[in-house]
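Structure file input13.pdb (PDB, C-alpha atoms, pLDDT in the B column) follows.
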```pdb
ATOM      1  CA  GLN A   1      27.926 -74.014-107.158  1.00 82.00           C
ATOM      2  CA  LEU A   2      26.600 -70.556-106.397  1.00 91.00           C
ATOM      3  CA  GLN A   3      28.313 -67.211-106.844  1.00 95.00           C
ATOM      4  CA  LEU A   4      27.071 -64.192-104.941  1.00 97.00           C
ATOM      5  CA  VAL A   5      27.691 -60.526-105.634  1.00 98.00           C
ATOM      6  CA  GLU A   6      26.626 -57.749-103.292  1.00 98.00           C
ATOM      7  CA  SER A   7      25.910 -54.208-104.409  1.00 98.00           C
ATOM      8  CA  GLY A   8      24.341 -51.046-103.089  1.00 98.00           C
ATOM      9  CA  GLY A   9      26.786 -50.132-100.386  1.00 98.00           C
ATOM     10  CA  GLY A  10      28.124 -46.647 -99.896  1.00 98.00           C
ATOM     11  CA  LEU A  11      28.071 -43.596 -97.674  1.00 98.00           C
ATOM     12  CA  VAL A  12      24.844 -42.577 -96.004  1.00 98.00           C
ATOM     13  CA  GLN A  13      24.052 -39.955 -93.395  1.00 98.00           C
ATOM     14  CA  PRO A  14      22.714 -40.918 -89.971  1.00 98.00           C
ATOM     15  CA  GLY A  15      19.006 -41.529 -90.180  1.00 98.00           C
ATOM     16  CA  GLY A  16      19.253 -42.386 -93.849  1.00 98.00           C
ATOM     17  CA  SER A  17      18.508 -45.527 -95.834  1.00 98.00           C
ATOM     18  CA  LEU A  18      20.261 -47.897 -98.186  1.00 98.00           C
ATOM     19  CA  ARG A  19      19.180 -50.993-100.043  1.00 98.00           C
ATOM     20  CA  LEU A  20      21.692 -53.741-100.559  1.00 98.00           C
ATOM     21  CA  SER A  21      21.327 -56.377-103.244  1.00 98.00           C
ATOM     22  CA  CYS A  22      22.748 -59.870-103.333  1.00 98.00           C
ATOM     23  CA  THR A  23      22.605 -61.354-106.808  1.00 98.00           C
ATOM     24  CA  ALA A  24      23.381 -64.998-107.420  1.00 97.00           C
ATOM     25  CA  SER A  25      24.549 -66.894-110.439  1.00 94.00           C
ATOM     26  CA  GLY A  26      24.019 -70.595-110.544  1.00 79.00           C
ATOM     27  CA  VAL A  27      21.137 -72.958-110.496  1.00 81.00           C
ATOM     28  CA  SER A  28      18.334 -73.601-108.034  1.00 92.00           C
ATOM     29  CA  PHE A  29      18.594 -70.250-106.266  1.00 95.00           C
ATOM     30  CA  HIS A  30      15.178 -70.804-104.738  1.00 95.00           C
ATOM     31  CA  THR A  31      16.496 -73.772-102.773  1.00 95.00           C
ATOM     32  CA  TYR A  32      18.950 -71.670-100.794  1.00 97.00           C
ATOM     33  CA  VAL A  33      18.465 -69.874 -97.537  1.00 98.00           C
ATOM     34  CA  ILE A  34      20.185 -66.505 -97.842  1.00 98.00           C
ATOM     35  CA  GLY A  35      21.685 -64.665 -94.913  1.00 98.00           C
ATOM     36  CA  TRP A  36      23.055 -61.167 -94.493  1.00 98.00           C
ATOM     37  CA  PHE A  37      26.047 -60.590 -92.248  1.00 98.00           C
ATOM     38  CA  ARG A  38      28.262 -57.671 -91.383  1.00 98.00           C
ATOM     39  CA  GLN A  39      31.659 -57.153 -89.881  1.00 98.00           C
ATOM     40  CA  ALA A  40      32.918 -53.896 -88.461  1.00 97.00           C
ATOM     41  CA  PRO A  41      36.625 -53.227 -87.914  1.00 93.00           C
ATOM     42  CA  GLY A  42      37.854 -54.996 -84.801  1.00 95.00           C
ATOM     43  CA  LYS A  43      34.550 -56.803 -84.274  1.00 96.00           C
ATOM     44  CA  GLU A  44      33.308 -60.291 -84.921  1.00 96.00           C
ATOM     45  CA  ARG A  45      31.040 -61.069 -87.823  1.00 97.00           C
ATOM     46  CA  GLU A  46      27.410 -60.466 -86.926  1.00 98.00           C
ATOM     47  CA  GLY A  47      24.465 -62.301 -88.428  1.00 98.00           C
ATOM     48  CA  LEU A  48      21.732 -59.816 -89.282  1.00 98.00           C
ATOM     49  CA  SER A  49      18.968 -61.555 -91.123  1.00 98.00           C
ATOM     50  CA  CYS A  50      18.002 -64.588 -93.140  1.00 98.00           C
ATOM     51  CA  ILE A  51      15.260 -65.594 -95.514  1.00 98.00           C
ATOM     52  CA  THR A  52      14.061 -68.996 -96.649  1.00 98.00           C
ATOM     53  CA  GLY A  53      14.124 -70.096-100.271  1.00 96.00           C
ATOM     54  CA  SER A  54      10.498 -69.234-100.878  1.00 95.00           C
ATOM     55  CA  GLY A  55      10.805 -65.968 -98.991  1.00 95.00           C
ATOM     56  CA  GLY A  56       8.043 -67.018 -96.653  1.00 95.00           C
ATOM     57  CA  ILE A  57      10.083 -66.958 -93.464  1.00 98.00           C
ATOM     58  CA  THR A  58      12.463 -64.274 -92.322  1.00 98.00           C
ATOM     59  CA  ASN A  59      14.488 -63.691 -89.210  1.00 98.00           C
ATOM     60  CA  TYR A  60      16.293 -60.679 -87.783  1.00 98.00           C
ATOM     61  CA  ALA A  61      18.890 -59.962 -85.165  1.00 97.00           C
ATOM     62  CA  ASP A  62      17.680 -57.699 -82.381  1.00 97.00           C
ATOM     63  CA  SER A  63      20.155 -55.039 -83.466  1.00 97.00           C
ATOM     64  CA  VAL A  64      18.342 -54.516 -86.771  1.00 98.00           C
ATOM     65  CA  LYS A  65      14.806 -55.666 -86.075  1.00 97.00           C
ATOM     66  CA  GLY A  66      12.321 -52.989 -87.049  1.00 97.00           C
ATOM     67  CA  ARG A  67      14.894 -51.107 -89.116  1.00 98.00           C
ATOM     68  CA  PHE A  68      16.068 -53.626 -91.714  1.00 98.00           C
ATOM     69  CA  THR A  69      13.906 -55.704 -94.048  1.00 98.00           C
ATOM     70  CA  ILE A  70      15.033 -58.711 -96.029  1.00 98.00           C
ATOM     71  CA  SER A  71      13.234 -59.825 -99.179  1.00 98.00           C
ATOM     72  CA  ARG A  72      13.940 -61.834-102.290  1.00 98.00           C
ATOM     73  CA  ASP A  73      12.966 -62.033-105.926  1.00 97.00           C
ATOM     74  CA  ASN A  74      13.744 -65.528-107.126  1.00 96.00           C
ATOM     75  CA  ALA A  75      12.955 -64.588-110.719  1.00 96.00           C
ATOM     76  CA  LYS A  76      15.907 -62.211-110.519  1.00 96.00           C
ATOM     77  CA  ASN A  77      18.080 -64.457-108.325  1.00 97.00           C
ATOM     78  CA  THR A  78      18.346 -61.556-105.925  1.00 98.00           C
ATOM     79  CA  VAL A  79      17.932 -60.963-102.217  1.00 98.00           C
ATOM     80  CA  TYR A  80      17.595 -57.447-100.853  1.00 98.00           C
ATOM     81  CA  LEU A  81      18.324 -55.853 -97.516  1.00 98.00           C
ATOM     82  CA  GLN A  82      16.487 -52.580 -97.016  1.00 98.00           C
ATOM     83  CA  MET A  83      18.166 -50.615 -94.248  1.00 98.00           C
ATOM     84  CA  ASN A  84      16.375 -47.674 -92.641  1.00 98.00           C
ATOM     85  CA  SER A  85      17.092 -45.369 -89.704  1.00 98.00           C
ATOM     86  CA  MET A  86      20.754 -46.093 -89.995  1.00 98.00           C
ATOM     87  CA  GLY A  87      23.301 -45.002 -87.439  1.00 98.00           C
ATOM     88  CA  PRO A  88      27.085 -44.990 -87.145  1.00 97.00           C
ATOM     89  CA  GLU A  89      26.880 -48.405 -85.472  1.00 97.00           C
ATOM     90  CA  ASP A  90      25.738 -49.827 -88.802  1.00 98.00           C
ATOM     91  CA  THR A  91      29.070 -49.022 -90.435  1.00 98.00           C
ATOM     92  CA  ALA A  92      30.594 -52.300 -91.583  1.00 98.00           C
ATOM     93  CA  VAL A  93      31.304 -54.557 -94.534  1.00 98.00           C
ATOM     94  CA  TYR A  94      28.057 -56.300 -95.403  1.00 98.00           C
ATOM     95  CA  SER A  95      28.080 -59.746 -96.958  1.00 98.00           C
ATOM     96  CA  CYS A  96      25.457 -62.174 -98.106  1.00 98.00           C
ATOM     97  CA  ALA A  97      25.781 -65.920 -97.939  1.00 98.00           C
ATOM     98  CA  ALA A  98      23.852 -68.965 -99.058  1.00 97.00           C
ATOM     99  CA  THR A  99      23.146 -72.351 -97.577  1.00 96.00           C
ATOM    100  CA  GLN A 100      21.053 -75.376 -98.341  1.00 94.00           C
ATOM    101  CA  PHE A 101      21.623 -76.842 -94.891  1.00 92.00           C
ATOM    102  CA  GLN A 102      21.183 -74.068 -92.368  1.00 91.00           C
ATOM    103  CA  LYS A 103      17.621 -73.251 -91.439  1.00 94.00           C
ATOM    104  CA  CYS A 104      16.183 -69.772 -91.049  1.00 97.00           C
ATOM    105  CA  ILE A 105      14.049 -69.802 -87.930  1.00 95.00           C
ATOM    106  CA  PRO A 106      12.471 -66.697 -86.408  1.00 96.00           C
ATOM    107  CA  GLY A 107      13.852 -65.918 -82.981  1.00 93.00           C
ATOM    108  CA  PHE A 108      17.023 -67.921 -83.437  1.00 94.00           C
ATOM    109  CA  ARG A 109      20.442 -66.382 -83.813  1.00 94.00           C
ATOM    110  CA  VAL A 110      21.644 -66.054 -87.412  1.00 95.00           C
ATOM    111  CA  GLU A 111      24.833 -68.105 -87.375  1.00 94.00           C
ATOM    112  CA  SER A 112      27.433 -67.932 -90.117  1.00 94.00           C
ATOM    113  CA  ARG A 113      28.468 -71.565 -89.840  1.00 92.00           C
ATOM    114  CA  GLY A 114      26.760 -73.749 -92.354  1.00 90.00           C
ATOM    115  CA  TYR A 115      26.687 -71.071 -95.010  1.00 96.00           C
ATOM    116  CA  ASP A 116      28.679 -72.446 -97.915  1.00 94.00           C
ATOM    117  CA  PHE A 117      28.799 -69.627-100.424  1.00 96.00           C
ATOM    118  CA  TRP A 118      29.759 -66.041 -99.694  1.00 98.00           C
ATOM    119  CA  GLY A 119      29.900 -62.807-101.601  1.00 98.00           C
ATOM    120  CA  GLN A 120      32.883 -60.488-101.501  1.00 97.00           C
ATOM    121  CA  GLY A 121      31.135 -57.906 -99.343  1.00 98.00           C
ATOM    122  CA  THR A 122      30.177 -54.282 -99.782  1.00 98.00           C
ATOM    123  CA  GLN A 123      31.187 -51.397 -97.550  1.00 98.00           C
ATOM    124  CA  VAL A 124      28.510 -49.387 -95.798  1.00 98.00           C
ATOM    125  CA  THR A 125      29.530 -46.231 -93.985  1.00 98.00           C
ATOM    126  CA  VAL A 126      27.137 -44.153 -91.930  1.00 98.00           C
ATOM    127  CA  SER A 127      28.563 -40.742 -91.273  1.00 97.00           C
ATOM    128  CA  SER A 128      27.677 -37.081 -91.501  1.00 96.00           C
TER
END
```
Output the structure of this file as structure tokens.
Amino acid sequence: QLQLVESGGGLVQPGGSLRLSCTASGVSFHTYVIGWFRQAPGKEREGLSCITGSGGITNYADSVKGRFTISRDNAKNTVYLQMNSMGPEDTAVYSCAATQFQKCIPGFRVESRGYDFWGQGTQVTVSS
């Protein structure tokens, strides 16, 4: 069993940056692929990025590629999402999720199905 807690959300001005953290409790964190997702009001959940257990492979949705960076520190049981050049379209609730069955493959869509464990989400608002 894995429990995930996101932190780092908040209000940021357009063009600004935020770093989200996803901290896990439980065993064998390094065996889980971690994904970041977001959901804006009235919109479907969007897969943003994923990272393999070792951190050696990452994948990004086109909407965030070049602006967001995913990384992990397995010693701290934490995955990060660095978000730069943010705009109002990035306003959403951001959630991380973990899976031992879904793969993280560059160029493939980050799908939420197959992710077994989810955090509660953290609100990110981009506004002046």
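From CA of Lys103 in chain A back to CA of Ala24 in chain A, the distance works out to 18.9 Å.
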Determine the residue set returned by the PyMOL selection byres ((chain A and resi 90) around 8) for the present structure, and present it as a PyMOL selection string.
-> chain A and resi 86-89+91-92+124-126
If you apply the PyMOL selection byres ((chain A and resi 70-77) around 6) to this file, what residues do you get, as an NGL selection string?
-> :A and (23-24 or 30 or 69 or 78-81)
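For Phe117 in chain A, the set of protein, DNA and RNA residues having any atom at most 12 Å away, when counting all atoms listed in the file and skipping those fewer than 6 positions along the same chain, is A:Gln1, A:Leu2, A:Gln3, A:Leu4, A:Val5, A:Cys22, A:Ala24, A:Ser25, A:Gly26, A:Phe29, A:Tyr32, A:Val33, A:Ile34, A:Gly35, A:Trp36, A:Ser95, A:Cys96, A:Ala97, A:Ala98, A:Thr99, A:Gln100, A:Phe101, A:Gln102.
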How would the residues just picked look written out with C-alpha atoms as a CSV table (one decimal), in the frame of the given file?
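Final file, part.csv:
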```csv
chain,number,residue,atom,x,y,z
A,1,GLN,CA,27.9,-74.0,-107.2
A,2,LEU,CA,26.6,-70.6,-106.4
A,3,GLN,CA,28.3,-67.2,-106.8
A,4,LEU,CA,27.1,-64.2,-104.9
A,5,VAL,CA,27.7,-60.5,-105.6
A,22,CYS,CA,22.7,-59.9,-103.3
A,24,ALA,CA,23.4,-65.0,-107.4
A,25,SER,CA,24.5,-66.9,-110.4
A,26,GLY,CA,24.0,-70.6,-110.5
A,29,PHE,CA,18.6,-70.2,-106.3
A,32,TYR,CA,19.0,-71.7,-100.8
A,33,VAL,CA,18.5,-69.9,-97.5
A,34,ILE,CA,20.2,-66.5,-97.8
A,35,GLY,CA,21.7,-64.7,-94.9
A,36,TRP,CA,23.1,-61.2,-94.5
A,95,SER,CA,28.1,-59.7,-97.0
A,96,CYS,CA,25.5,-62.2,-98.1
A,97,ALA,CA,25.8,-65.9,-97.9
A,98,ALA,CA,23.9,-69.0,-99.1
A,99,THR,CA,23.1,-72.4,-97.6
A,100,GLN,CA,21.1,-75.4,-98.3
A,101,PHE,CA,21.6,-76.8,-94.9
A,102,GLN,CA,21.2,-74.1,-92.4
```
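Nearest to Gly55 in chain A of all the residues A:Tyr115, A:Cys104, A:Asn84, A:Ser128 is A:Cys104, counting all atoms listed in the file.
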May I ask which of the residues A:Ser54, A:Gly47, A:Thr122, A:Val64 is the closest one to Val110 in chain A, counting all atoms listed in the file?
->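 Selected residue with least distance to Val110 in chain A: A:Gly47.
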Axis-aligned box over every listed atom of range 69-73 of chain A, padded by 8 Å per side: centre and edges in Å to one decimal, as AutoDock Vina command-line options?
```
--center_x 14.0 --center_y -58.9 --center_z -100.0 --size_x 18.1 --size_y 22.3 --size_z 27.9
```
Would you mind telling me which residue in A:Asn59, A:Ser7, A:Gln120, A:Ser127 lies nearest to Arg19 in chain A when using only C-alpha atoms?
-> A:Ser7
Which residue, A:Lys65, A:Ile105, A:Tyr60, A:Gln82, has the smallest gap to Ser21 in chain A when you use only C-alpha atoms?
->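 Using only C-alpha atoms, the shortest distance to Ser21 in chain A belongs to A:Gln82.
Across the model, the gap from CA of Arg109 in chain A to CA of Ser85 in chain A is 22.1 Å.
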Of the listed residues A:Met83, A:Asp116, A:Gly53, A:Tyr94, that which approaches Pro14 in chain A most closely, counting all atoms listed in the file | A:Met83
CA of Gln39 in chain A to CA of Val27 in chain A measures 28.0 Å
